[in-house]
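*Asks:* This is the content of data.cif (mmCIF, C-alpha atoms):
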```cif
data_final
#
loop_
_atom_site.label_atom_id
_atom_site.label_comp_id
_atom_site.auth_asym_id
_atom_site.auth_seq_id
_atom_site.Cartn_x
_atom_site.Cartn_y
_atom_site.Cartn_z
CA MET X 514 -1.73 20.81 -28.07
CA THR X 515 -4.13 20.30 -25.22
CA GLY X 516 -4.20 22.47 -22.16
CA VAL X 517 -6.11 22.92 -18.95
CA ARG X 518 -8.67 25.42 -17.81
CA HIS X 519 -6.82 26.27 -14.56
CA TYR X 520 -4.63 28.83 -16.29
CA ALA X 521 -6.38 31.33 -18.54
CA LEU X 522 -5.42 34.52 -20.32
CA LEU X 523 -8.19 37.10 -20.36
CA PHE X 524 -7.96 39.45 -23.31
CA LEU X 525 -10.56 42.12 -24.05
CA ALA X 526 -13.57 40.11 -22.90
CA ALA X 527 -12.14 36.78 -24.09
CA VAL X 528 -10.52 34.03 -22.05
CA LEU X 529 -7.67 32.69 -24.16
CA ALA X 530 -6.74 29.38 -22.56
CA LEU X 531 -4.54 26.63 -23.90
CA PRO X 532 -6.71 24.82 -26.48
CA GLY X 533 -9.04 22.17 -25.15
CA THR X 534 -10.12 18.95 -26.80
CA ALA X 535 -13.77 19.96 -26.61
CA ALA X 536 -13.15 22.95 -28.87
CA ALA X 537 -13.06 21.66 -32.43
CA ARG X 538 -11.58 23.77 -35.20
CA GLU X 539 -13.94 25.00 -37.89
CA SER X 540 -12.99 25.59 -41.48
CA GLY X 541 -13.46 28.80 -43.40
CA SER X 542 -11.40 31.10 -41.21
CA ALA X 543 -11.38 34.74 -42.24
CA PRO X 544 -8.05 36.21 -43.34
CA PRO X 545 -6.23 38.33 -40.73
CA PRO X 546 -5.75 42.07 -41.31
CA ASP X 547 -2.62 43.13 -43.17
CA LEU X 548 -0.60 45.16 -40.68
CA SER X 549 2.03 46.00 -43.30
CA ASP X 550 -0.37 48.51 -44.85
CA PRO X 551 -0.06 52.08 -43.49
CA PRO X 552 -2.97 52.69 -41.09
CA LEU X 553 -5.77 55.07 -41.98
CA VAL X 554 -6.40 57.32 -38.97
CA LEU X 555 -9.36 59.71 -39.10
CA PRO X 556 -8.08 63.33 -39.12
CA ALA X 557 -10.15 64.35 -36.08
CA LEU X 558 -8.67 61.51 -34.04
CA ARG X 559 -5.13 62.27 -35.15
CA ASN X 560 -5.63 65.93 -34.27
CA ALA X 561 -7.03 65.07 -30.83
CA ALA X 562 -4.08 62.79 -30.09
CA ALA X 563 -1.56 65.43 -31.13
CA SER X 564 -3.24 68.15 -29.05
CA ARG X 565 -3.12 65.92 -25.96
CA GLY X 566 0.48 64.80 -26.27
CA ILE X 567 -0.08 61.25 -27.52
CA ARG X 568 2.66 60.31 -29.98
CA MET X 569 1.73 58.89 -33.37
CA ASP X 570 4.99 59.55 -35.19
CA GLY X 571 6.17 56.01 -35.84
CA PHE X 572 8.76 53.95 -33.97
CA ASP X 573 12.13 54.53 -32.36
CA PRO X 574 14.78 52.14 -33.73
CA ILE X 575 14.25 48.66 -32.33
CA GLY X 576 16.94 47.88 -29.75
CA ALA X 577 18.65 44.59 -29.00
CA ASN X 578 16.93 44.14 -25.64
CA GLY X 579 16.66 46.93 -23.09
CA ARG X 580 14.54 47.61 -20.06
CA LEU X 581 11.27 49.36 -19.40
CA GLY X 582 12.02 52.99 -18.58
CA VAL X 583 10.05 55.99 -17.39
CA GLY X 584 8.64 57.84 -20.39
CA ASP X 585 8.47 54.76 -22.63
CA SER X 586 5.21 54.74 -24.56
CA VAL X 587 3.27 52.67 -27.07
CA THR X 588 0.26 53.91 -29.03
CA ALA X 589 -2.40 51.66 -30.54
CA LEU X 590 -5.22 52.27 -33.00
CA PHE X 591 -8.52 50.47 -32.41
CA THR X 592 -10.89 50.24 -35.37
CA VAL X 593 -14.36 48.68 -35.15
CA TYR X 594 -16.10 47.78 -38.40
CA ASN X 595 -19.89 47.35 -38.52
CA GLY X 596 -21.01 46.61 -42.03
CA GLY X 597 -19.71 49.35 -44.27
CA ARG X 598 -19.07 51.83 -41.44
CA PHE X 599 -16.30 52.11 -38.85
CA ARG X 600 -15.28 53.92 -35.66
CA GLN X 601 -11.81 54.54 -34.22
CA TRP X 602 -10.08 55.04 -30.88
CA ILE X 603 -6.47 55.87 -29.98
CA ALA X 604 -4.99 54.28 -26.85
CA GLU X 605 -1.67 55.01 -25.15
CA MET X 606 0.32 53.13 -22.52
CA ARG X 607 2.99 55.35 -20.96
CA VAL X 608 5.46 54.35 -18.23
CA VAL X 609 5.48 56.78 -15.30
CA GLU X 610 7.47 56.94 -12.06
CA PRO X 611 5.88 54.58 -9.50
CA THR X 612 4.93 55.88 -6.10
CA GLY X 613 6.20 54.27 -2.91
CA ALA X 614 2.92 52.41 -2.45
CA GLU X 615 3.04 51.15 -6.05
CA ARG X 616 6.59 49.86 -5.62
CA ARG X 617 5.36 47.55 -2.87
CA LYS X 618 2.78 45.91 -5.14
CA VAL X 619 5.02 43.05 -6.25
CA ASP X 620 3.86 39.45 -6.20
CA ASP X 621 6.03 36.74 -7.69
CA ALA X 622 4.16 34.47 -10.11
CA VAL X 623 4.33 30.70 -9.66
CA LEU X 624 3.33 28.32 -12.44
CA TYR X 625 3.09 24.52 -12.23
CA THR X 626 3.56 22.44 -15.38
CA GLN X 627 1.77 19.20 -16.03
CA THR X 628 5.18 17.54 -16.30
CA GLY X 629 5.84 18.32 -12.63
CA ARG X 630 8.03 21.42 -12.87
CA VAL X 631 7.52 24.52 -10.74
CA MET X 632 8.41 27.85 -12.35
CA HIS X 633 8.91 31.03 -10.36
CA PHE X 634 8.71 34.39 -12.11
CA SER X 635 10.15 37.22 -10.04
CA SER X 636 9.38 40.72 -11.14
CA GLY X 637 9.87 44.36 -10.37
CA VAL X 638 7.02 46.80 -10.72
CA ALA X 639 6.38 49.65 -13.14
CA ALA X 640 3.54 52.15 -13.24
CA LEU X 641 1.54 52.82 -16.41
CA ARG X 642 -0.70 55.72 -17.32
CA LEU X 643 -3.37 54.45 -19.72
CA ARG X 644 -5.36 56.83 -21.90
CA ILE X 645 -7.92 56.25 -24.62
CA LEU X 646 -9.47 58.80 -26.99
CA GLY X 647 -12.64 58.30 -29.00
CA PRO X 648 -14.72 57.10 -30.58
CA ILE X 649 -14.58 59.05 -33.81
CA PRO X 650 -16.98 57.74 -36.50
CA ASP X 651 -16.09 57.62 -40.18
CA SER X 652 -18.94 60.06 -40.76
CA ALA X 653 -16.57 62.74 -39.42
CA GLY X 654 -14.74 62.43 -42.74
CA ASP X 655 -11.84 64.85 -43.17
CA ALA X 656 -13.12 67.24 -40.50
CA VAL X 657 -10.60 68.24 -37.84
CA GLU X 658 -12.19 71.05 -35.84
CA GLY X 659 -15.49 70.79 -34.03
CA VAL X 660 -15.48 66.99 -33.66
CA ALA X 661 -15.94 65.83 -30.07
CA CYS X 662 -13.31 63.33 -28.92
CA PRO X 663 -13.84 62.05 -25.36
CA GLU X 664 -10.84 61.02 -23.28
CA GLN X 665 -10.65 58.53 -20.42
CA GLY X 666 -7.68 57.42 -18.38
CA VAL X 667 -6.46 55.32 -15.49
CA ARG X 668 -3.20 54.54 -13.71
CA VAL X 669 -2.14 50.91 -13.08
CA THR X 670 0.90 48.91 -12.03
CA THR X 671 2.52 46.17 -14.10
CA HIS X 672 5.23 43.54 -13.64
CA ASP X 673 7.89 44.80 -16.02
CA ALA X 674 9.96 41.59 -15.96
CA LEU X 675 6.96 39.61 -17.20
CA LEU X 676 6.48 41.96 -20.14
CA ARG X 677 10.15 41.48 -21.04
CA LEU X 678 9.63 37.73 -21.35
CA GLY X 679 7.37 38.09 -24.38
CA ALA X 680 5.45 35.33 -26.20
CA GLU X 681 7.67 35.04 -29.27
CA GLY X 682 9.60 32.16 -27.70
CA MET X 683 6.33 30.30 -27.16
CA CYS X 684 5.46 30.72 -30.84
CA ARG X 685 8.90 29.49 -31.92
CA ALA X 686 8.61 26.39 -29.73
CA VAL X 687 5.20 25.54 -31.17
CA GLU X 688 6.37 26.25 -34.71
CA LYS X 689 9.15 23.71 -34.24
CA LEU X 690 6.70 21.04 -33.12
CA VAL X 691 4.22 21.77 -35.90
CA SER X 692 6.97 21.52 -38.51
CA ARG X 693 7.62 17.97 -37.26
CA GLY X 694 3.95 17.06 -37.37
CA LYS X 695 3.89 16.78 -33.58
CA ASP X 696 1.20 17.79 -31.11
CA ALA X 697 2.44 18.13 -27.53
CA GLN X 698 0.09 17.37 -24.68
CA LEU X 699 1.03 20.06 -22.20
CA GLY X 700 -0.75 21.88 -19.41
CA PHE X 701 -0.06 24.69 -16.96
CA SER X 702 -1.79 25.63 -13.74
CA THR X 703 -1.51 27.91 -10.73
CA ALA X 704 -1.90 24.80 -8.53
CA PRO X 705 0.10 21.54 -8.50
CA TYR X 706 -1.05 18.59 -10.63
CA ALA X 707 -1.88 15.11 -9.41
CA ALA X 708 0.84 12.46 -9.72
CA LYS X 709 -1.05 10.52 -12.41
CA ASP X 710 -1.50 13.65 -14.55
CA ILE X 711 2.22 14.35 -14.26
CA ALA X 712 3.16 10.84 -15.32
CA ASP X 713 0.83 10.97 -18.33
CA ALA X 714 2.16 14.38 -19.39
CA LYS X 715 5.79 13.26 -19.15
CA ARG X 716 5.11 10.35 -21.49
CA ALA X 717 3.28 12.59 -23.97
CA GLY X 718 6.01 15.25 -23.85
CA SER X 719 8.74 12.70 -24.43
CA SER X 720 7.04 11.27 -27.51
CA SER X 721 6.42 14.72 -29.00
CA GLY X 722 9.97 15.99 -28.54
CA PHE X 723 8.85 18.97 -26.45
CA THR X 724 11.99 19.83 -24.45
CA GLY X 725 12.45 21.54 -21.11
CA GLU X 726 13.56 24.68 -22.98
CA ASP X 727 10.38 24.57 -25.05
CA GLU X 728 8.31 24.18 -21.89
CA THR X 729 10.04 27.16 -20.29
CA ALA X 730 9.50 29.31 -23.39
CA PHE X 731 5.85 28.33 -23.41
CA ALA X 732 5.38 29.19 -19.73
CA GLN X 733 7.14 32.53 -20.21
CA GLY X 734 4.86 33.29 -23.15
CA LEU X 735 1.80 32.61 -21.03
CA GLU X 736 3.02 34.94 -18.31
CA ALA X 737 3.86 37.69 -20.80
CA LEU X 738 0.50 37.48 -22.57
CA ASN X 739 -1.29 37.40 -19.24
CA GLU X 740 0.50 40.57 -18.12
CA PHE X 741 -0.23 42.39 -21.37
CA THR X 742 -3.90 41.41 -21.35
CA THR X 743 -4.28 42.48 -17.73
CA ASN X 744 -2.99 45.92 -18.68
CA ALA X 745 -5.12 46.11 -21.83
CA GLU X 746 -8.28 45.25 -19.93
CA ASN X 747 -7.74 48.29 -17.73
CA LEU X 748 -8.20 50.66 -20.66
CA PRO X 749 -11.57 52.35 -19.97
CA GLY X 750 -14.28 51.08 -22.32
CA VAL X 751 -12.06 48.54 -24.07
CA MET X 752 -14.35 45.61 -23.25
CA GLY X 753 -17.14 47.22 -25.23
CA ILE X 754 -14.80 47.90 -28.13
CA ALA X 755 -13.62 44.30 -28.36
CA GLY X 756 -17.14 43.01 -27.86
CA GLN X 757 -18.10 44.36 -31.29
CA GLY X 758 -16.35 41.33 -32.81
CA ILE X 759 -18.23 38.78 -30.66
CA ASP X 760 -21.67 37.15 -31.09
CA TRP X 761 -22.90 37.44 -27.52
CA PRO X 762 -25.51 34.90 -26.32
CA SER X 763 -28.95 36.16 -25.46
CA ILE X 764 -29.47 37.50 -21.96
CA TRP X 765 -32.01 34.73 -21.41
CA ARG X 766 -29.45 32.03 -22.14
CA MET X 767 -26.91 33.63 -19.82
CA ILE X 768 -29.49 33.75 -17.02
CA ARG X 769 -30.56 30.17 -17.69
CA GLU X 770 -27.02 28.78 -17.74
CA MET X 771 -25.94 30.67 -14.60
CA ASN X 772 -22.35 29.85 -15.52
CA PHE X 773 -20.68 32.19 -17.96
CA ALA X 774 -18.38 29.61 -19.53
CA ILE X 775 -16.00 31.32 -21.96
CA TRP X 776 -12.79 29.91 -23.45
CA SER X 777 -10.88 29.75 -26.69
CA SER X 778 -8.93 27.37 -28.83
CA PHE X 779 -5.58 28.40 -30.30
CA ASP X 780 -5.10 27.08 -33.83
CA TRP X 781 -1.43 26.16 -33.47
CA LYS X 782 -1.26 24.43 -36.85
CA SER X 783 -2.19 27.71 -38.55
CA LEU X 784 0.57 29.65 -36.76
CA ARG X 785 2.43 31.70 -39.36
CA HIS X 786 5.24 34.22 -39.33
CA SER X 787 6.15 37.03 -41.68
CA ASN X 788 8.26 40.17 -41.63
CA LEU X 789 6.65 43.45 -40.66
CA PRO X 790 8.28 46.86 -41.26
CA MET X 791 8.67 48.59 -37.89
CA GLY X 792 11.17 51.02 -36.46
CA GLY X 793 13.19 51.14 -39.67
CA VAL X 794 13.74 47.37 -39.70
CA SER X 795 11.82 44.31 -40.81
CA LEU X 796 10.75 42.41 -37.69
CA PRO X 797 9.65 38.77 -37.61
CA VAL X 798 6.02 38.73 -36.45
CA TYR X 799 3.93 35.65 -35.64
CA HIS X 800 0.21 35.49 -36.31
CA LEU X 801 -1.48 33.09 -33.88
CA PRO X 802 -5.16 32.42 -34.74
CA PHE X 803 -7.78 31.49 -32.17
CA ARG X 804 -11.50 30.88 -31.88
CA LEU X 805 -13.62 32.08 -28.97
CA TYR X 806 -16.39 30.00 -27.40
CA ILE X 807 -19.25 30.92 -25.07
CA PHE X 808 -21.46 28.12 -23.70
CA GLY X 809 -19.88 25.81 -26.26
CA SER X 810 -20.79 27.97 -29.26
CA ASN X 811 -18.13 29.48 -31.52
CA VAL X 812 -18.87 33.20 -31.24
CA SER X 813 -15.73 34.82 -32.64
CA GLN X 814 -12.49 34.19 -34.47
CA GLY X 815 -9.35 36.26 -34.38
CA GLY X 816 -5.65 36.24 -33.83
CA TRP X 817 -2.60 37.70 -32.08
CA PHE X 818 0.33 39.42 -33.81
CA ILE X 819 3.43 38.79 -31.70
CA THR X 820 7.08 39.83 -32.02
CA ALA X 821 10.04 39.90 -29.64
CA PRO X 822 9.62 42.39 -26.75
CA ARG X 823 12.64 44.48 -27.68
CA SER X 824 12.82 48.13 -26.68
CA PRO X 825 10.66 50.20 -27.30
CA LEU X 826 8.11 47.35 -27.59
CA ILE X 827 8.49 46.18 -23.98
CA ALA X 828 5.49 48.12 -22.65
CA CYS X 829 3.21 45.96 -24.83
CA GLY X 830 5.19 42.76 -24.30
CA GLY X 831 5.86 42.48 -28.04
CA VAL X 832 2.14 42.31 -28.91
CA VAL X 833 1.73 44.51 -31.99
CA GLY X 834 -1.82 43.62 -32.97
CA VAL X 835 -4.96 41.60 -32.28
CA TRP X 836 -8.27 41.14 -34.08
CA LEU X 837 -11.71 39.68 -33.36
CA GLN X 838 -14.44 38.94 -35.90
CA SER X 839 -18.04 37.81 -35.42
CA ILE X 840 -18.89 34.33 -36.74
CA LYS X 841 -22.55 35.01 -37.52
CA HIS X 842 -21.96 38.57 -38.70
CA PRO X 843 -18.48 38.66 -40.30
CA GLU X 844 -18.99 42.31 -41.23
CA ASN X 845 -18.48 43.05 -37.51
CA ARG X 846 -14.78 43.15 -36.74
CA MET X 847 -12.38 44.76 -34.24
CA VAL X 848 -8.73 45.38 -35.12
CA MET X 849 -6.07 46.72 -32.77
CA ARG X 850 -2.65 47.58 -34.20
CA LEU X 851 0.37 49.29 -32.75
CA ILE X 852 1.16 52.50 -34.62
CA SER X 853 3.84 54.12 -32.47
CA ALA X 854 6.46 53.15 -29.86
CA HIS X 855 9.12 55.33 -28.25
CA ARG X 856 11.72 55.21 -25.51
CA GLY X 857 11.58 57.78 -22.76
CA GLY X 858 15.30 58.48 -22.87
CA GLY X 859 16.22 56.50 -19.78
CA ASN X 860 17.17 53.28 -21.57
#
```
Go through the file and emit its structure as structure tokens.

*Replies:*
Amino acid sequence: MTGVRHYALLFLAAVLALPGTAAARESGSAPPPDLSDPPLVLPALRNAAASRGIRMDGFDPIGANGRLGVGDSVTALFTVYNGGRFRQWIAEMRVVEPTGAERRKVDDAVLYTQTGRVMHFSSGVAALRLRILGPIPDSAGDAVEGVACPEQGVRVTTHDALLRLGAEGMCRAVEKLVSRGKDAQLGFSTAPYAAKDIADAKRAGSSSGFTGEDETAFAQGLEALNEFTTNAENLPGVMGIAGQGIDWPSIWRMIREMNFAIWSSFDWKSLRHSNLPMGGVSLPVYHLPFRLYIFGSNVSQGGWFITAPRSPLIACGGVVGVWLQSIKHPENRMVMRLISAHRGGGN
């Protein structure tokens, strides 16, 4: 599936665009983390989260659908591995009552498809309080008291309707194509396409069997991932955390190039789904691998873990995990996994 560079999803220092033809897939991908295993949280970090009111006590029952409500919260564990050592952070996204000024920060999203369609995404606004605790190194061991645990926070606004779209539908649409041995040529942009590009895309879409419903699901998935990543990027210090799983070019090359070209290639053919225990039920979760490129060099591999954005998973748009791993130094890896999600009582 080939995309365009006009529409990109920035996630934790990585631009995740629809895969481009210039980005070839390499073999030898590392296995993704197993999120079905109970997470190991360092005692000092768990104690700091509890003392500051950040919930880590599992998941409320997964609802059918629902809305984003004040008090809803999701908690994620970040773990960075460097060789045989690791460090951890706890991050929380909590929905708070928006102010009058925040309520006015609503911009409808418009997306143009390469097949000539125009999609409008209207949205209300919600306010999020983002907090992150850490890092705590593994050298802290079982210690609880006397271990410093810094806290940072910020308040942001988000388009709640976009988070409710989720990216699971996008994964299902691609899974259907892959099962048929098809490869749709499809692009999205924030600006209209030329007539020739539209004609070419319509022919390619028709031959692949990619329907209008599939196209809509794909566009919704892009919007949902874009909204989640925008929120995640606002976590203080999160760029540095994610960067531990990336082989950054030398400063001299970045100065010489004067164009910080960064993109990624989704490996649609390796898309897989499994069932993950969460909220007392077994949820279908997709793992979508990708490779990250900087100046044409493959600097990281990783993947998304995506499920349906059903309450109380709406605040994260159904994203329950992500990982990044260095290509040159595979011992360097970052893993984010959701460890708690709760409703605030209003929905």

*Asks:* Sort by chain and increasing residue number a table of all residues of segment 609-723 of chain X within 8 Å of segment 773-791 of chain X, each with its closest pair of atoms and their distance in Å to one decimal, counting all atoms listed in the file, and write it as a Markdown table.

*Replies:*
```
| residue | atom | partner | partner_atom | distance |
| --- | --- | --- | --- | --- |
| X:Cys684 | CA | X:Leu784 | CA | 7.8 |
| X:Val687 | CA | X:Trp781 | CA | 7.0 |
| X:Glu688 | CA | X:Leu784 | CA | 7.0 |
| X:Val691 | CA | X:Lys782 | CA | 6.2 |
```

*Asks:* In Å, rounded to a single decimal, give me how far atom CA of Ala828 of chain X is from atom CA of Pro749 of chain X.

*Replies:*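 Those two atoms sit 17.8 Å apart.
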
*Asks:* Rank nothing, just name the residue among X:Val593, X:Leu738, X:Val835, X:Leu851 nearest to Gly753 of chain X, using all atoms listed in the file.

*Replies:*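 Going through X:Val593, X:Leu738, X:Val835, X:Leu851 one by one, the smallest distance to Gly753 of chain X is for X:Val593.
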
*Asks:* Can you pull out the residues contacting Gly629 of chain X? Cut-off 10 Å, using all atoms listed in the file, and skip same-chain residues under 3 positions away; I want them as a ChimeraX atom specification.

*Replies:* /X:625-626,632,701,705-708,710-712,714-715

*Asks:* Could you pull the residues within 10 Å of Ala730 of chain X, counting only C-alpha atoms, minus those fewer than 6 positions along the same chain, as an mmCIF file with C-alpha atoms, keeping the file's coordinate frame?

*Replies:*
```cif
data_model
loop_
_atom_site.group_PDB
_atom_site.id
_atom_site.type_symbol
_atom_site.label_atom_id
_atom_site.label_comp_id
_atom_site.auth_asym_id
_atom_site.auth_seq_id
_atom_site.Cartn_x
_atom_site.Cartn_y
_atom_site.Cartn_z
ATOM 1 C CA LEU X 678 9.630 37.730 -21.350
ATOM 2 C CA GLY X 679 7.370 38.090 -24.380
ATOM 3 C CA ALA X 680 5.450 35.330 -26.200
ATOM 4 C CA GLU X 681 7.670 35.040 -29.270
ATOM 5 C CA GLY X 682 9.600 32.160 -27.700
ATOM 6 C CA MET X 683 6.330 30.300 -27.160
ATOM 7 C CA CYS X 684 5.460 30.720 -30.840
ATOM 8 C CA ARG X 685 8.900 29.490 -31.920
ATOM 9 C CA ALA X 686 8.610 26.390 -29.730
ATOM 10 C CA VAL X 687 5.200 25.540 -31.170
ATOM 11 C CA THR X 724 11.990 19.830 -24.450
ATOM 12 C CA GLU X 736 3.020 34.940 -18.310
#
```

*Asks:* So, counting all atoms listed in the file, which residue among X:Val848, X:Tyr806, X:Lys709, X:Pro825 is closest to Ser586 of chain X?

*Replies:*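 Looking at the shortest contact to Ser586 of chain X, the residue is X:Pro825.
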
*Asks:* Between atom CA of Ile754 of chain X and atom CA of Asp673 of chain X, what distance in Å does the model show, to one decimal?

*Replies:*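 Atom CA of Ile754 of chain X sits 25.9 Å away from atom CA of Asp673 of chain X.
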
*Asks:* For atom CA of Ala543 of chain X and atom CA of Ala589 of chain X, quote the distance in Å rounded to one decimal.

*Replies:* 22.4 Å

*Asks:* Quick check on the file I pasted: which residues fall under the PyMOL selection byres ((chain X and resi 646) around 12)? Write them as a PyMOL selection string.

*Replies:* chain X and resi 557-567+588-591+600-605+643-645+647-649+661-666+748-751

*Asks:* Using all atoms listed in the file, pick whichever of X:Arg668, X:Arg630, X:His800, X:Arg568 has the shortest atom-to-atom distance to Thr612 of chain X.

*Replies:*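 Between X:Arg668, X:Arg630, X:His800, X:Arg568, the residue approaching Thr612 of chain X most closely is X:Arg668.
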
*Asks:* Quick one: of X:Phe723, X:Glu740, X:Arg856, X:Lys841, who's nearest to Trp761 of chain X, counting all atoms listed in the file?

*Replies:*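 For Trp761 of chain X, the nearest of the given residues is X:Lys841.
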
*Asks:* Can you work out which one of X:Leu690, X:Gln733, X:Arg804, X:Phe741 has the shortest atom-to-atom distance to Val833 of chain X, counting only C-alpha atoms?

*Replies:*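 Using only C-alpha atoms, the shortest distance to Val833 of chain X belongs to X:Phe741.
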
*Asks:* So which residues are close to (4.8, 28.9, -10.2), meaning at most 8 Å away in the file's coordinates with all atoms listed in the file counted, and can you show them as an MDAnalysis selection string?

*Replies:* chainID X and resid 622:625 631:634 703

*Asks:* Name the residues, using the chain letters and numbers of the file, that sit within 9 Å of (3.8, 47.9, -17.2) when counting all atoms listed in the file, and give them as an NGL selection string.

*Replies:* :X and (581 or 606-608 or 638-641 or 669-676 or 740-741 or 744 or 827-830)

*Asks:* I'd like to know which of X:Arg823, X:Pro762, X:Glu726, X:Leu735 is closest to Asn811 of chain X, using all atoms listed in the file.

*Replies:*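 Result for the nearest residue to Asn811 of chain X: X:Pro762.
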
*Asks:* Any chance you could work out the residue set of the PyMOL selection byres ((chain X and resi 815) around 12) here, as a PyMOL selection string?

*Replies:* chain X and resi 524-525+527+529+542-546+755+758-759+777-780+783+800-806+811-814+816-818+834-840+843+845-849

*Asks:* Got a sec to resolve the PyMOL selection byres ((chain X and resi 597) around 10) on this structure and send the residues as an NGL selection string?

*Replies:* :X and (594-596 or 598-599 or 651 or 844-845)

*Asks:* Skipping near chain neighbours, those fewer than 6 positions away, what residues fall within 7 Å of Val583 of chain X using only C-alpha atoms, listed as a short mmCIF file (atom, residue, chain, number, x, y, z; two decimals) with C-alpha atoms, in the coordinates of the input?

*Replies:*
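Final output, saved to around.cif:
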```cif
data_model
loop_
_atom_site.label_atom_id
_atom_site.label_comp_id
_atom_site.auth_asym_id
_atom_site.auth_seq_id
_atom_site.Cartn_x
_atom_site.Cartn_y
_atom_site.Cartn_z
CA VAL X 608 5.46 54.35 -18.23
CA VAL X 609 5.48 56.78 -15.30
CA GLU X 610 7.47 56.94 -12.06
CA GLY X 857 11.58 57.78 -22.76
CA GLY X 859 16.22 56.50 -19.78
#
```

*Asks:* Emit as AutoDock Vina command-line options the padded axis-aligned box for all listed atoms of segment 815-820 of chain X, 8 Å per side, with centre and edge lengths in Å to one decimal.

*Replies:*
```
--center_x -1.1 --center_y 38.0 --center_z -33.0 --size_x 32.4 --size_y 19.6 --size_z 18.7
```
